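Accompanying notes for the structure given below.
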Amino acid sequence: MAEEIRKCTVVSGAPNDNIEFLKANIDRSSFIIAADSGYKKLVAADIKPDVIVADFDSSEKPEIDCEIITFPIEKAYTDTFNSVILAKERGYNDITIFFALGGRFDHSYSNILILDYCRRNNINCTIVDDKNRVSLISDKKVIKKEYSFFSLFAFLEDCKGVIINGAHYDQSFYNLDKMDIKLGDQFAQSNEINGGECIVTVESGTLLLIESND
């Protein structure tokens, strides 16, 4: 019997403020967590969070009728990571994180590492905004043509047996049946989907998939 999919949305506080994108793409039926100043984006989109997780170092504590979990400013993890940990503890296994990229690069990279935490805990996780969508591939993934480009990088380990079907550049471009992508390789960047979708498979390792718009 398949595991029940329990969806959670985390809205983080990176500088991206495309509120229309948030309004058009958030799953309003999901459990919604605001990570610190992410609650301001939800308020602007006229969406009420179920819980706010924050140390309130980048925003004032709001007067709002929802659960608020406050952490000290000096703490081990970021508000976004604490939000994901909370989602895991409450049994959510499909997490979408909005506005977790941009601004300080250390924060962006820290948020990308959350994808690995989720992978290790059998949680599907995607980071998304109007310019980028970031996720992991550990076996097979269908990529819809919803962004202009996609790039693949070996994530934290070498990847073997990568096959791309339905894209402008695939393994045949290198006269191969399947490719190995090692840490530091950059040759699988800025690819384009030919039709409506393409399929990427990997035999071992984990790929970082970045879908992007200019």
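Each chain of the structure tokens is named A, B, ... in the order shown, its residues numbered from 1; ligands are numbered from 1 in display order.
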
Quiz prompt | Contacts of region 33-48 of chain A at 10 Å (only C-alpha atoms; same-chain gap of 5+ positions) as a PyMOL selection string | solution = chain A and resi 8-24+26+28+53-62+64-70+78-84+86-87+97-100

Emit the selected residues as a CSV table (one decimal), in the first residue's frame, including C-alpha atoms.
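Listed below is the output, out.csv:
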chain,number,residue,atom,x,y,z
A,8,CYS,CA,3.5,21.0,3.6
A,9,THR,CA,4.5,24.4,2.3
A,10,VAL,CA,7.3,26.5,3.9
A,11,VAL,CA,7.5,30.1,2.9
A,12,SER,CA,11.0,31.5,3.6
A,13,GLY,CA,12.3,35.0,3.8
A,14,ALA,CA,14.7,35.4,0.9
A,15,PRO,CA,14.5,38.7,-0.9
A,16,ASN,CA,12.4,37.4,-3.8
A,17,ASP,CA,9.0,39.1,-3.4
A,18,ASN,CA,7.1,37.9,-6.4
A,19,ILE,CA,3.8,37.6,-4.5
A,20,GLU,CA,1.8,36.9,-7.6
A,21,PHE,CA,3.9,33.8,-8.2
A,22,LEU,CA,3.2,32.7,-4.6
A,23,LYS,CA,-0.5,33.3,-5.0
A,24,ALA,CA,-0.6,31.3,-8.3
A,26,ILE,CA,1.0,27.7,-3.5
A,28,ARG,CA,-3.6,26.4,-0.2
A,53,VAL,CA,8.6,29.4,13.1
A,54,ALA,CA,11.0,32.3,13.9
A,55,ASP,CA,13.6,33.9,16.0
A,56,PHE,CA,12.3,37.3,14.7
A,57,ASP,CA,15.7,38.7,14.0
A,58,SER,CA,14.5,39.9,10.6
A,59,SER,CA,10.9,40.8,11.5
A,60,GLU,CA,8.7,41.8,14.4
A,61,LYS,CA,6.6,39.2,16.1
A,62,PRO,CA,3.2,39.6,14.4
A,64,ILE,CA,-1.8,37.0,14.2
A,65,ASP,CA,-4.2,34.2,15.2
A,66,CYS,CA,-2.0,31.2,14.5
A,67,GLU,CA,0.5,29.0,16.3
A,68,ILE,CA,3.9,30.7,16.7
A,69,ILE,CA,7.1,28.8,17.7
A,70,THR,CA,9.8,31.1,18.8
A,78,THR,CA,18.1,28.5,10.4
A,79,ASP,CA,14.4,29.3,10.7
A,80,THR,CA,13.8,27.5,7.3
A,81,PHE,CA,15.5,24.3,8.5
A,82,ASN,CA,13.7,24.4,11.8
A,83,SER,CA,10.5,24.7,9.7
A,84,VAL,CA,11.4,21.6,7.7
A,86,LEU,CA,8.8,20.7,12.3
A,87,ALA,CA,7.1,19.5,9.2
A,97,ILE,CA,9.8,25.7,0.0
A,98,PHE,CA,9.1,29.1,-1.5
A,99,PHE,CA,11.6,32.0,-1.5
A,100,ALA,CA,14.6,30.2,-0.1

Self-check item: Neighbour list for Ala167 (chain A) as a list in words, cut-off 12 Å, only C-alpha atoms, skip fewer than 4 positions in-chain
Solution: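 Here the qualifying residues turn out to be Val142, Ile143, Lys144, Lys145, Ser148, Phe149, Phe150, Ser151, Ile163, Gln171, Ser172, Phe173, Ala188, Gln189, Ser190, Asn191, Glu192, Ile193, Asn194, Gly195, Gly196, Glu197, Cys198, Ile199 and Val200 of chain A.
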
Quiz item: Can you list every residue in region 74-118 of chain A that DSSP puts in strand (DSSP E or B), as a list in words?
Solution: Asp94, Ile95, Thr96, Ile97 and Phe98 of chain A

Store the residues picked out above, limited to N, CA and C atoms, as a short mmCIF file (atom, residue, chain, number, x, y, z; two decimals), in the first residue's frame.
data_model
loop_
_atom_site.label_atom_id
_atom_site.label_comp_id
_atom_site.auth_asym_id
_atom_site.auth_seq_id
_atom_site.Cartn_x
_atom_site.Cartn_y
_atom_site.Cartn_z
N ASP A 94 5.94 15.58 1.91
CA ASP A 94 6.06 16.27 0.63
C ASP A 94 6.10 17.76 0.92
N ILE A 95 7.29 18.36 0.80
CA ILE A 95 7.50 19.74 1.24
C ILE A 95 7.93 20.60 0.06
N THR A 96 7.25 21.72 -0.11
CA THR A 96 7.64 22.73 -1.09
C THR A 96 8.07 23.98 -0.34
N ILE A 97 9.27 24.47 -0.65
CA ILE A 97 9.81 25.65 0.02
C ILE A 97 9.84 26.81 -0.97
N PHE A 98 9.12 27.88 -0.67
CA PHE A 98 9.11 29.08 -1.49
C PHE A 98 10.13 30.09 -0.96
#

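The neighbours of Gly184 (chain A) here are the residues that come within 12 Å of it, using only C-alpha atoms and leaving out any residue fewer than 4 positions away in the same chain; they are Leu152, Phe153, Ala154, Phe155, Leu156, Glu157, Asp158, Cys159, Asp180, Ala188, Gln189 and Leu208 of chain A.
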
Quiz item: When DSSP works through the backbone of this structure, what residues of chain A end up as alpha helix (DSSP H), shown as an MDAnalysis selection string?
Solution: chainID A and resid 19:25 38:44 79:89 105:120

Quiz prompt | Distance criterion (only C-alpha atoms): nearest to Tyr117 (chain A) out of A:Arg104, A:Lys88, A:Lys178, A:Lys141 | solution =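 Using only C-alpha atoms, Tyr117 (chain A) sits closest to A:Lys88.
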
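CA of Ser30 (chain A) to CA of Arg120 (chain A) spans 22.0 Å [interatomic distance, one decimal].
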